[in-house]
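Novice: So here's entry_14.pdb, just PDB, C-alpha atoms and all ligand atoms:
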ATOM      1  CA  MET T   1     129.771 115.225 102.093
ATOM      2  CA  SER T   2     129.183 114.761 105.805
ATOM      3  CA  GLY T   3     125.989 112.991 106.765
ATOM      4  CA  PHE T   4     126.043 110.657 103.789
ATOM      5  CA  PRO T   5     127.119 107.064 104.273
ATOM      6  CA  ARG T   6     129.603 105.546 101.824
ATOM      7  CA  PRO T   7     127.839 102.970  99.649
ATOM      8  CA  LYS T   8     129.764  99.806  98.798
ATOM      9  CA  ILE T   9     129.719  99.167  95.067
ATOM     10  CA  VAL T  10     131.057  96.189  93.149
ATOM     11  CA  VAL T  11     132.786  97.512  90.024
ATOM     12  CA  SER T  12     134.447  96.058  86.928
ATOM     13  CA  LYS T  13     138.143  96.378  87.688
ATOM     14  CA  CYS T  14     139.124  97.706  84.242
ATOM     15  CA  LEU T  15     137.079 100.884  84.912
ATOM     16  CA  GLY T  16     140.031 102.712  86.406
ATOM     17  CA  PHE T  17     141.320 100.169  88.969
ATOM     18  CA  ALA T  18     143.784  97.991  87.020
ATOM     19  CA  ALA T  19     145.063  97.428  83.497
ATOM     20  CA  CYS T  20     143.293  94.079  83.225
ATOM     21  CA  ARG T  21     141.561  94.246  79.837
ATOM     22  CA  TYR T  22     142.306  91.640  77.170
ATOM     23  CA  ASP T  23     144.678  94.150  75.525
ATOM     24  CA  GLY T  24     146.462  94.877  78.815
ATOM     25  CA  LYS T  25     144.883  98.318  79.104
ATOM     26  CA  MET T  26     142.717 100.109  81.644
ATOM     27  CA  LEU T  27     139.827 102.424  80.822
ATOM     28  CA  GLN T  28     139.701 105.978  82.115
ATOM     29  CA  ALA T  29     136.221 106.220  83.608
ATOM     30  CA  THR T  30     135.869 109.809  84.800
ATOM     31  CA  ILE T  31     132.572 109.281  86.608
ATOM     32  CA  VAL T  32     133.878 106.241  88.457
ATOM     33  CA  ASP T  33     136.999 108.240  89.417
ATOM     34  CA  HIS T  34     134.797 111.035  90.701
ATOM     35  CA  LEU T  35     132.754 108.568  92.741
ATOM     36  CA  LYS T  36     135.864 107.253  94.513
ATOM     37  CA  SER T  37     135.662 110.121  97.038
ATOM     38  CA  PHE T  38     132.118 109.164  98.005
ATOM     39  CA  VAL T  39     131.782 105.379  97.759
ATOM     40  CA  ASP T  40     133.830 102.299  98.650
ATOM     41  CA  PHE T  41     134.498 100.176  95.595
ATOM     42  CA  ILE T  42     134.968  96.414  95.533
ATOM     43  CA  ASP T  43     136.713  95.840  92.207
ATOM     44  CA  VAL T  44     136.704  92.553  90.358
ATOM     45  CA  CYS T  45     137.844  91.313  86.959
ATOM     46  CA  PRO T  46     136.067  87.990  86.319
ATOM     47  CA  GLU T  47     138.227  87.142  83.282
ATOM     48  CA  SER T  48     141.514  87.498  85.129
ATOM     49  CA  GLU T  49     140.015  85.734  88.175
ATOM     50  CA  ILE T  50     139.402  82.603  86.094
ATOM     51  CA  GLY T  51     143.024  82.666  84.975
ATOM     52  CA  LEU T  52     142.712  84.000  81.447
ATOM     53  CA  GLY T  53     145.812  86.147  81.928
ATOM     54  CA  ILE T  54     146.648  89.745  80.980
ATOM     55  CA  PRO T  55     146.921  90.427  78.094
ATOM     56  CA  ARG T  56     144.883  87.575  76.633
ATOM     57  CA  ASP T  57     143.187  86.572  73.427
ATOM     58  CA  PRO T  58     139.619  87.890  73.499
ATOM     59  CA  VAL T  59     136.711  85.690  74.534
ATOM     60  CA  ILE T  60     133.274  85.942  72.925
ATOM     61  CA  ILE T  61     129.738  84.770  73.612
ATOM     62  CA  VAL T  62     128.517  82.087  71.243
ATOM     63  CA  LEU T  63     124.827  81.287  71.106
ATOM     64  CA  ASN T  64     123.731  78.096  69.373
ATOM     65  CA  ASP T  65     122.638  75.020  71.367
ATOM     66  CA  ARG T  66     123.379  76.989  74.567
ATOM     67  CA  LYS T  67     125.174  80.165  75.570
ATOM     68  CA  ARG T  68     128.943  79.653  75.809
ATOM     69  CA  LEU T  69     132.038  81.686  76.567
ATOM     70  CA  LEU T  70     134.636  80.734  73.983
ATOM     71  CA  GLN T  71     138.139  81.877  73.090
ATOM     72  CA  PRO T  72     138.138  81.740  69.252
ATOM     73  CA  SER T  73     141.958  81.744  68.951
ATOM     74  CA  ASN T  74     142.141  78.222  70.413
ATOM     75  CA  GLY T  75     138.523  77.021  70.690
ATOM     76  CA  LEU T  76     138.701  76.725  74.489
ATOM     77  CA  ASP T  77     135.385  76.862  76.360
ATOM     78  CA  PHE T  78     135.404  78.897  79.605
ATOM     79  CA  THR T  79     131.670  78.714  80.266
ATOM     80  CA  ASP T  80     131.759  76.405  83.304
ATOM     81  CA  ARG T  81     134.749  78.157  84.837
ATOM     82  CA  MET T  82     133.133  81.592  84.499
ATOM     83  CA  GLU T  83     129.767  80.399  85.792
ATOM     84  CA  GLY T  84     131.446  78.701  88.762
ATOM     85  CA  PHE T  85     133.545  81.766  89.609
ATOM     86  CA  SER T  86     130.583  84.169  89.340
ATOM     87  CA  LYS T  87     128.416  82.019  91.598
ATOM     88  CA  SER T  88     130.988  81.580  94.348
ATOM     89  CA  TYR T  89     132.232  85.197  94.181
ATOM     90  CA  LEU T  90     128.716  86.568  94.597
ATOM     91  CA  GLU T  91     127.904  84.098  97.376
ATOM     92  CA  GLU T  92     130.884  85.308  99.390
ATOM     93  CA  LEU T  93     130.097  89.015  99.039
ATOM     94  CA  ASP T  94     128.483  90.657 102.020
ATOM     95  CA  ASP T  95     126.866  94.028 102.688
ATOM     96  CA  PHE T  96     127.052  95.954  99.454
ATOM     97  CA  ASP T  97     124.682  98.297  97.672
ATOM     98  CA  GLY T  98     125.029  97.967  93.899
ATOM     99  CA  PHE T  99     127.092  97.267  90.795
ATOM    100  CA  ILE T 100     128.852  99.320  88.112
ATOM    101  CA  LEU T 101     129.816  97.002  85.273
ATOM    102  CA  LYS T 102     131.672  97.483  81.994
ATOM    103  CA  SER T 103     129.373  97.590  78.983
ATOM    104  CA  LYS T 104     129.740  95.289  75.950
ATOM    105  CA  SER T 105     132.001  92.780  77.689
ATOM    106  CA  PRO T 106     131.296  89.029  77.324
ATOM    107  CA  SER T 107     131.690  88.846  81.093
ATOM    108  CA  CYS T 108     130.482  92.159  82.521
ATOM    109  CA  GLY T 109     128.162  93.635  79.849
ATOM    110  CA  VAL T 110     124.507  94.132  80.795
ATOM    111  CA  GLY T 111     122.333  93.616  77.717
ATOM    112  CA  THR T 112     124.994  95.240  75.512
ATOM    113  CA  THR T 113     127.294  92.362  74.520
ATOM    114  CA  LYS T 114     127.532  91.083  70.943
ATOM    115  CA  VAL T 115     126.822  87.393  70.395
ATOM    116  CA  PHE T 116     128.074  85.109  67.644
ATOM    117  CA  HIS T 117     126.688  81.973  66.058
ATOM    118  CA  ASP T 118     129.982  80.117  66.357
ATOM    119  CA  ALA T 119     133.581  80.768  67.358
ATOM    120  CA  GLY T 120     134.639  81.318  63.738
ATOM    121  CA  SER T 121     131.926  83.895  62.816
ATOM    122  CA  LYS T 122     132.984  87.387  61.983
ATOM    123  CA  GLU T 123     129.349  88.520  61.831
ATOM    124  CA  PHE T 124     127.513  88.869  65.122
ATOM    125  CA  LEU T 125     123.883  87.915  65.615
ATOM    126  CA  HIS T 126     121.129  90.478  65.978
ATOM    127  CA  GLY T 127     120.349  91.455  69.536
ATOM    128  CA  HIS T 128     122.657  91.781  72.494
ATOM    129  CA  GLU T 129     123.158  89.632  75.575
ATOM    130  CA  ASN T 130     124.354  89.910  79.137
ATOM    131  CA  GLY T 131     127.885  88.837  79.867
ATOM    132  CA  PHE T 132     128.269  85.756  82.084
ATOM    133  CA  PHE T 133     129.165  87.606  85.277
ATOM    134  CA  ALA T 134     126.312  90.065  84.664
ATOM    135  CA  ASP T 135     123.936  87.115  84.198
ATOM    136  CA  ALA T 136     124.866  85.833  87.654
ATOM    137  CA  VAL T 137     124.471  89.323  89.178
ATOM    138  CA  LEU T 138     120.991  89.675  87.687
ATOM    139  CA  ARG T 139     120.021  86.184  88.835
ATOM    140  CA  ASP T 140     121.283  86.586  92.419
ATOM    141  CA  TYR T 141     120.563  90.293  92.993
ATOM    142  CA  PRO T 142     117.722  91.237  90.626
ATOM    143  CA  ASP T 143     116.648  94.279  92.678
ATOM    144  CA  LEU T 144     120.020  95.817  93.551
ATOM    145  CA  PRO T 145     121.019  98.992  91.680
ATOM    146  CA  LEU T 146     123.014  98.076  88.557
ATOM    147  CA  ILE T 147     124.391 100.347  85.856
ATOM    148  CA  ASP T 148     127.181 100.325  83.265
ATOM    149  CA  GLU T 149     129.730 103.066  82.628
ATOM    150  CA  GLN T 150     127.899 104.237  79.495
ATOM    151  CA  GLN T 151     124.585 104.571  81.306
ATOM    152  CA  LEU T 152     126.342 106.594  84.013
ATOM    153  CA  ASN T 153     126.567 109.362  81.407
ATOM    154  CA  ASP T 154     122.790 109.650  81.306
ATOM    155  CA  PRO T 155     121.722 112.120  84.032
ATOM    156  CA  VAL T 156     118.362 110.417  84.673
ATOM    157  CA  LEU T 157     119.803 106.864  84.828
ATOM    158  CA  ARG T 158     122.699 108.092  86.976
ATOM    159  CA  GLU T 159     120.237 109.822  89.293
ATOM    160  CA  HIS T 160     118.256 106.593  89.682
ATOM    161  CA  PHE T 161     121.393 104.569  90.394
ATOM    162  CA  LEU T 162     122.927 107.015  92.883
ATOM    163  CA  THR T 163     119.627 107.492  94.702
ATOM    164  CA  GLY T 164     119.351 103.706  95.067
ATOM    165  CA  VAL T 165     122.867 103.024  96.350
ATOM    166  CA  PHE T 166     122.845 105.908  98.829
ATOM    167  CA  ALA T 167     119.375 104.905 100.106
ATOM    168  CA  LEU T 168     120.548 101.307 100.611
ATOM    169  CA  ALA T 169     123.780 102.372 102.311
ATOM    170  CA  SER T 170     121.798 104.584 104.627
ATOM    171  CA  PHE T 171     119.440 101.704 105.458
ATOM    172  CA  ARG T 172     122.455  99.498 106.201
ATOM    173  CA  GLN T 173     123.831 102.217 108.449
ATOM    174  CA  CYS T 174     120.588 102.524 110.399
ATOM    175  CA  SER T 175     120.366  98.765 110.854
ATOM    176  CA  LEU T 176     123.891  98.826 112.326
ATOM    177  CA  SER T 177     123.529 102.028 114.335
ATOM    178  CA  GLY T 178     123.373 100.478 117.822
ATOM    179  CA  LYS T 179     124.511  97.375 119.613
ATOM    180  CA  VAL T 180     120.927  96.184 119.591
ATOM    181  CA  LEU T 181     118.526  96.514 116.665
ATOM    182  CA  THR T 182     115.774  98.998 117.521
ATOM    183  CA  LEU T 183     112.855 100.555 115.691
ATOM    184  CA  GLU T 184     113.836 104.222 116.183
ATOM    185  CA  PRO T 185     116.474 104.452 113.422
ATOM    186  CA  LEU T 186     114.044 102.816 110.986
ATOM    187  CA  ILE T 187     111.269 105.265 111.905
ATOM    188  CA  GLY T 188     113.672 108.153 111.210
ATOM    189  CA  TYR T 189     114.831 106.542 107.966
ATOM    190  CA  HIS T 190     111.278 106.092 106.703
ATOM    191  CA  ALA T 191     110.400 109.693 107.613
ATOM    192  CA  ARG T 192     113.442 111.092 105.741
ATOM    193  CA  ASN T 193     112.623 109.057 102.639
ATOM    194  CA  LYS T 194     108.883 109.611 102.629
ATOM    195  CA  LEU T 195     108.685 112.054  99.710
ATOM    196  CA  LEU T 196     111.177 110.043  97.662
ATOM    197  CA  PHE T 197     109.095 106.900  98.192
ATOM    198  CA  MET T 198     105.945 108.857  97.321
ATOM    199  CA  ALA T 199     107.553 109.803  94.009
ATOM    200  CA  LEU T 200     108.535 106.185  93.332
ATOM    201  CA  ASP T 201     105.409 104.243  94.358
ATOM    202  CA  LYS T 202     102.765 105.418  96.801
ATOM    203  CA  GLN T 203     101.322 101.953  97.370
ATOM    204  CA  ILE T 204     104.647 100.437  98.365
ATOM    205  CA  MET T 205     105.393 103.520 100.481
ATOM    206  CA  THR T 206     102.168 102.891 102.438
ATOM    207  CA  ALA T 207     103.041  99.219 102.926
ATOM    208  CA  MET T 208     106.470 100.262 104.260
ATOM    209  CA  GLY T 209     104.820 102.743 106.622
ATOM    210  CA  ASN T 210     102.631  99.910 107.953
ATOM    211  CA  ILE T 211     105.688  97.748 108.577
ATOM    212  CA  VAL T 212     107.338 100.559 110.561
ATOM    213  CA  ALA T 213     104.115 101.129 112.546
ATOM    214  CA  ASN T 214     104.336  97.442 113.563
ATOM    215  CA  ARG T 215     100.719  97.012 114.590
ATOM    216  CA  ASP T 216     101.222  93.233 114.512
ATOM    217  CA  GLY T 217     103.989  93.349 117.113
ATOM    218  CA  LEU T 218     106.544  91.580 114.917
ATOM    219  CA  LEU T 219     110.074  90.854 116.099
ATOM    220  CA  ILE T 220     112.502  93.663 115.264
ATOM    221  CA  GLU T 221     114.580  91.398 112.978
ATOM    222  CA  VAL T 222     111.440  90.487 111.028
ATOM    223  CA  ILE T 223     110.484  94.164 110.693
ATOM    224  CA  TYR T 224     113.893  95.053 109.222
ATOM    225  CA  GLU T 225     113.821  92.071 106.896
ATOM    226  CA  LYS T 226     110.319  92.851 105.603
ATOM    227  CA  TYR T 227     111.145  96.532 105.261
ATOM    228  CA  LEU T 228     114.282  95.750 103.239
ATOM    229  CA  SER T 229     112.347  93.557 100.808
ATOM    230  CA  TYR T 230     109.962  96.458 100.105
ATOM    231  CA  LEU T 231     112.846  98.940 100.006
ATOM    232  CA  LEU T 232     114.551  96.948  97.252
ATOM    233  CA  LYS T 233     111.288  96.831  95.318
ATOM    234  CA  ILE T 234     110.606 100.551  95.595
ATOM    235  CA  LEU T 235     114.184 101.584  94.733
ATOM    236  CA  ALA T 236     114.074  99.406  91.620
ATOM    237  CA  LYS T 237     111.184 101.551  90.348
ATOM    238  CA  ARG T 238     111.906 104.478  88.060
ATOM    239  CA  ALA T 239     110.415 107.787  89.190
ATOM    240  CA  GLU T 240     107.506 108.646  86.900
ATOM    241  CA  PRO T 241     107.003 112.325  86.053
ATOM    242  CA  ARG T 242     103.405 112.241  87.368
ATOM    243  CA  SER T 243     104.215 110.799  90.796
ATOM    244  CA  THR T 244     107.329 112.994  91.105
ATOM    245  CA  VAL T 245     105.238 116.068  90.393
ATOM    246  CA  ASN T 246     102.665 114.905  92.998
ATOM    247  CA  ALA T 247     105.385 114.491  95.644
ATOM    248  CA  MET T 248     106.735 117.958  94.812
ATOM    249  CA  MET T 249     103.257 119.472  95.029
ATOM    250  CA  HIS T 250     102.981 117.905  98.478
ATOM    251  CA  ALA T 251     106.284 119.533  99.494
ATOM    252  CA  PHE T 252     105.258 122.839  97.917
ATOM    253  CA  GLY T 253     102.392 123.034 100.444
ATOM    254  CA  TYR T 254     104.960 123.528 103.242
ATOM    255  CA  PHE T 255     105.910 127.045 102.138
ATOM    256  CA  SER T 256     103.623 128.100  99.268
ATOM    257  CA  ARG T 257     101.876 130.694 101.446
ATOM    258  CA  ASN T 258     105.200 132.549 101.735
ATOM    259  CA  LEU T 259     105.563 132.980  97.973
ATOM    260  CA  SER T 260     104.365 135.763  95.713
ATOM    261  CA  ALA T 261     101.898 135.061  92.909
ATOM    262  CA  GLY T 262     104.770 135.397  90.410
ATOM    263  CA  GLU T 263     106.926 132.853  92.254
ATOM    264  CA  LYS T 264     104.016 130.406  92.451
ATOM    265  CA  PHE T 265     103.392 130.834  88.743
ATOM    266  CA  GLU T 266     107.069 130.154  87.955
ATOM    267  CA  PHE T 267     107.013 127.016  90.117
ATOM    268  CA  MET T 268     103.887 125.712  88.353
ATOM    269  CA  ARG T 269     105.543 126.362  84.997
ATOM    270  CA  LYS T 270     108.643 124.357  86.017
ATOM    271  CA  LEU T 271     106.448 121.592  87.358
ATOM    272  CA  GLN T 272     104.671 121.424  84.023
ATOM    273  CA  GLU T 273     108.072 121.104  82.306
ATOM    274  CA  CYS T 274     108.974 118.281  84.703
ATOM    275  CA  ARG T 275     105.917 116.309  83.501
ATOM    276  CA  GLU T 276     107.486 116.201  80.050
ATOM    277  CA  ASP T 277     111.163 116.067  80.959
ATOM    278  CA  LEU T 278     112.155 114.435  84.234
ATOM    279  CA  SER T 279     115.630 115.992  84.107
ATOM    280  CA  VAL T 280     114.011 119.296  85.160
ATOM    281  CA  ILE T 281     113.930 117.674  88.609
ATOM    282  CA  PHE T 282     117.572 118.763  89.140
ATOM    283  CA  GLU T 283     116.614 122.415  88.811
ATOM    284  CA  LEU T 284     113.458 121.999  90.896
ATOM    285  CA  ARG T 285     115.435 120.268  93.603
ATOM    286  CA  GLN T 286     117.742 123.294  93.935
ATOM    287  CA  TRP T 287     114.751 125.577  94.054
ATOM    288  CA  PHE T 288     113.154 123.522  96.842
ATOM    289  CA  ILE T 289     116.365 123.493  98.843
ATOM    290  CA  SER T 290     116.730 127.281  98.687
ATOM    291  CA  CYS T 291     113.059 127.822  99.601
ATOM    292  CA  ALA T 292     113.285 125.315 102.478
ATOM    293  CA  GLN T 293     116.408 127.146 103.730
ATOM    294  CA  GLU T 294     114.820 130.577 103.348
ATOM    295  CA  PHE T 295     111.639 129.577 105.209
ATOM    296  CA  ASN T 296     113.314 127.208 107.704
ATOM    297  CA  VAL T 297     111.360 124.146 106.623
ATOM    298  CA  TYR T 298     113.770 121.627 108.150
ATOM    299  CA  TYR T 299     111.510 118.688 107.347
ATOM    300  CA  LEU T 300     112.070 119.312 103.622
ATOM    301  CA  LEU T 301     115.819 119.885 103.997
ATOM    302  CA  ASP T 302     116.023 116.397 105.473
ATOM    303  CA  GLN T 303     114.042 114.761 102.679
ATOM    304  CA  THR T 304     116.038 112.521 100.359
ATOM    305  CA  LEU T 305     113.819 113.564  97.440
ATOM    306  CA  PHE T 306     115.778 116.834  97.512
ATOM    307  CA  ASN T 307     119.030 115.529  98.942
ATOM    308  CA  PRO T 308     119.434 111.915  97.792
ATOM    309  CA  TYR T 309     123.277 111.881  97.649
ATOM    310  CA  PRO T 310     126.194 114.284  98.158
ATOM    311  CA  PRO T 311     125.495 117.427  96.133
ATOM    312  CA  GLU T 312     129.014 117.250  94.613
ATOM    313  CA  LEU T 313     127.760 114.272  92.615
ATOM    314  CA  SER T 314     125.090 116.344  90.907
ATOM    315  CA  ASP T 315     127.725 118.124  88.789
ATOM    316  CA  GLY T 316     127.855 117.056  85.192
ATOM    317  CA  PHE T 317     130.682 114.674  84.263
ATOM    318  CA  ARG T 318     131.300 112.183  81.482
ATOM    319  CA  VAL T 319     133.132 108.902  80.950
ATOM    320  CA  VAL T 320     135.896 109.231  78.358
TER     321      VAL T 320
HETATM  322  S1  LIG T 401     135.046  94.004  81.393
HETATM  323 FE1  LIG T 401     135.071  92.731  83.202
HETATM  324  S2  LIG T 401     136.182  90.889  82.600
HETATM  325 FE2  LIG T 401     136.598  92.442  81.037
HETATM  326  S3  LIG T 401     138.487  93.406  81.706
HETATM  327 FE3  LIG T 401     136.815  94.588  82.561
HETATM  328  S4  LIG T 401     136.505  93.735  84.576
HETATM  329 FE4  LIG T 401     137.707  92.266  83.442
END
Could you take the file, read its structure, and then write that structure out as structure tokens?
Ligand code: SF4
Specialist:
Amino acid sequence: MSGFPRPKIVVSKCLGFAACRYDGKMLQATIVDHLKSFVDFIDVCPESEIGLGIPRDPVIIVLNDRKRLLQPSNGLDFTDRMEGFSKSYLEELDDFDGFILKSKSPSCGVGTTKVFHDAGSKEFLHGHENGFFADAVLRDYPDLPLIDEQQLNDPVLREHFLTGVFALASFRQCSLSGKVLTLEPLIGYHARNKLLFMALDKQIMTAMGNIVANRDGLLIEVIYEKYLSYLLKILAKRAEPRSTVNAMMHAFGYFSRNLSAGEKFEFMRKLQECREDLSVIFELRQWFISCAQEFNVYYLLDQTLFNPYPPELSDGFRVV
């Protein structure tokens, strides 16, 4: 795992950090456990932070005149307290790369939480909402990588999330790499991420290249700031099969002359599969890495399109 920075990720505390759920239990989140060797977690339980206690009677989201966080057992309204906590907690956080939140929770759920018409309803309304803490996260950090523990089971969503947090951590590292901010680390960063950015959005990639070229002679702080705003935009994009295939075709040009007709045919067949099923990218990535090693194409070995995060994290694992 050397060479990869450790992203800082804000995580719902009940996902393997403390027994802080309403029922006094903790969830075993295998993927989050696995990630502990590679990332630094900042765990938080918004419900215990606002003093609800452990264990506690459950709170629910009620949607009528406005969205409220209520505790049906006693009718207490925790909306203002939760909104106040979420705002100040997020304001105080510094230098982090993404969020892993617990699904379906009235505080942490992201688009997965049941809502009720009033505190006494047994039936929930159609549609799902964000929890209150998740609402604040989405309002304050709309472009930062965000996923819940259920989505972490999906290889394509997990890939998108991990690529984002490792790319942001690596940007943070290059902006802190010397006593004085200089352009060189950013030039290297952009070069290493070029094919990944090409797969995500070629137009934004070009705009980022122009920022790094700095033809306008901007101050170094302004360059980093502008670059980061585009970086957040490009990492929020999902890789489309077509642009991913184009980026891979570009990389293929670096060693295609060394391959037999049969090997080229097999590559084209896999590429065709990738157009229909993006998860084929995992197999193609391995293939590229072995070809780049065999033909000493160091430029490709450095590319984050093929090496976006520690390879140990590519293994399949599931939340239980
Ligand atoms: S889902 Fe969020 S609020 Fe609920 S127990 Fe977990 S960390 Fe706490």
Novice: With all atoms listed in the file as the counted atoms, please give the residues lying no more than 12 Å from T:Gln28, apart from itself and same-chain residues fewer than 4 positions off, as a short mmCIF file (atom, residue, chain, number, x, y, z; two decimals) with C-alpha atoms, in the frame of the given file.
Specialist:
data_model
loop_
_atom_site.label_atom_id
_atom_site.label_comp_id
_atom_site.auth_asym_id
_atom_site.auth_seq_id
_atom_site.Cartn_x
_atom_site.Cartn_y
_atom_site.Cartn_z
CA LYS T 13 138.14 96.38 87.69
CA CYS T 14 139.12 97.71 84.24
CA LEU T 15 137.08 100.88 84.91
CA GLY T 16 140.03 102.71 86.41
CA PHE T 17 141.32 100.17 88.97
CA ALA T 18 143.78 97.99 87.02
CA ALA T 19 145.06 97.43 83.50
CA VAL T 32 133.88 106.24 88.46
CA ASP T 33 137.00 108.24 89.42
CA HIS T 34 134.80 111.04 90.70
CA LYS T 102 131.67 97.48 81.99
CA GLU T 149 129.73 103.07 82.63
CA ARG T 318 131.30 112.18 81.48
CA VAL T 319 133.13 108.90 80.95
CA VAL T 320 135.90 109.23 78.36
#
Novice: Using all atoms listed in the file, which residues sit within 7 Å of stretch 69-74 of chain T once same-chain residues fewer than 5 positions away are excluded, as a ChimeraX atom specification?
Specialist: /T:57-62,79,119-120
Novice: Pull the closest atom pair for each residue of chain T that gets at most 6 Å from ligand LIG 401 (chain T), along with the distance in Å to one decimal, counting only C-alpha atoms and all ligand atoms, ordering rows by chain and then ascending residue number, as CSV.
Specialist:
residue,atom,partner,partner_atom,distance
T:Ser12,CA,T:LIG401,S4,3.9
T:Lys13,CA,T:LIG401,S4,4.4
T:Cys14,CA,T:LIG401,FE3,4.2
T:Cys20,CA,T:LIG401,S3,5.1
T:Arg21,CA,T:LIG401,S3,3.7
T:Val44,CA,T:LIG401,S4,5.9
T:Cys45,CA,T:LIG401,FE4,3.6
T:Pro46,CA,T:LIG401,S2,4.7
T:Glu47,CA,T:LIG401,S2,4.3
T:Lys102,CA,T:LIG401,S1,4.9
T:Ser105,CA,T:LIG401,S1,4.9
T:Ser107,CA,T:LIG401,S2,5.2
T:Cys108,CA,T:LIG401,FE1,4.7
Novice: Measuring between all atoms listed in the file, which one of T:Lys87, T:Arg285, T:Lys8, T:Arg275 shows the shortest distance to T:Phe41?
Specialist: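 Checking each candidate against T:Phe41, we get T:Lys8 as the closest.
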Novice: Give me the residues near stretch 81-85 of chain T as an MDAnalysis selection string, where near means some atom within 10 Å (using all atoms listed in the file) and where sequence neighbours in that chain fewer than 4 positions away do not count.
Specialist: chainID T and resid 46:47 49:51 68:69 77 89:91 107 132:133 135:136
Novice: Grab the atom CA of T:Leu125 to atom CA of T:Lys67 distance for me, in Å with one decimal place.
Specialist: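 According to the coordinates, atom CA of T:Leu125 and atom CA of T:Lys67 are separated by 12.7 Å.
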Novice: Give the answer as one residue: which of T:Leu231, T:Gly3, T:Leu176, T:Pro185 has the shortest atom-to-atom distance to T:Ile204, using all atoms listed in the file?
Specialist: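 Smallest separation from T:Ile204 among the options: T:Leu231.
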Novice: Might you pull out every residue within 8 Å of stretch 207-221 of chain T, with only C-alpha atoms counted and same-chain residues fewer than 3 positions away left off, and present them as a list in words?
Specialist: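 Result of the neighbour search: Leu181, Thr182, Leu183, Leu186, Ile187, His190, Gln203, Ile204, Tyr224, Glu225, Lys226, Tyr227, Tyr230 and Leu231 of chain T.
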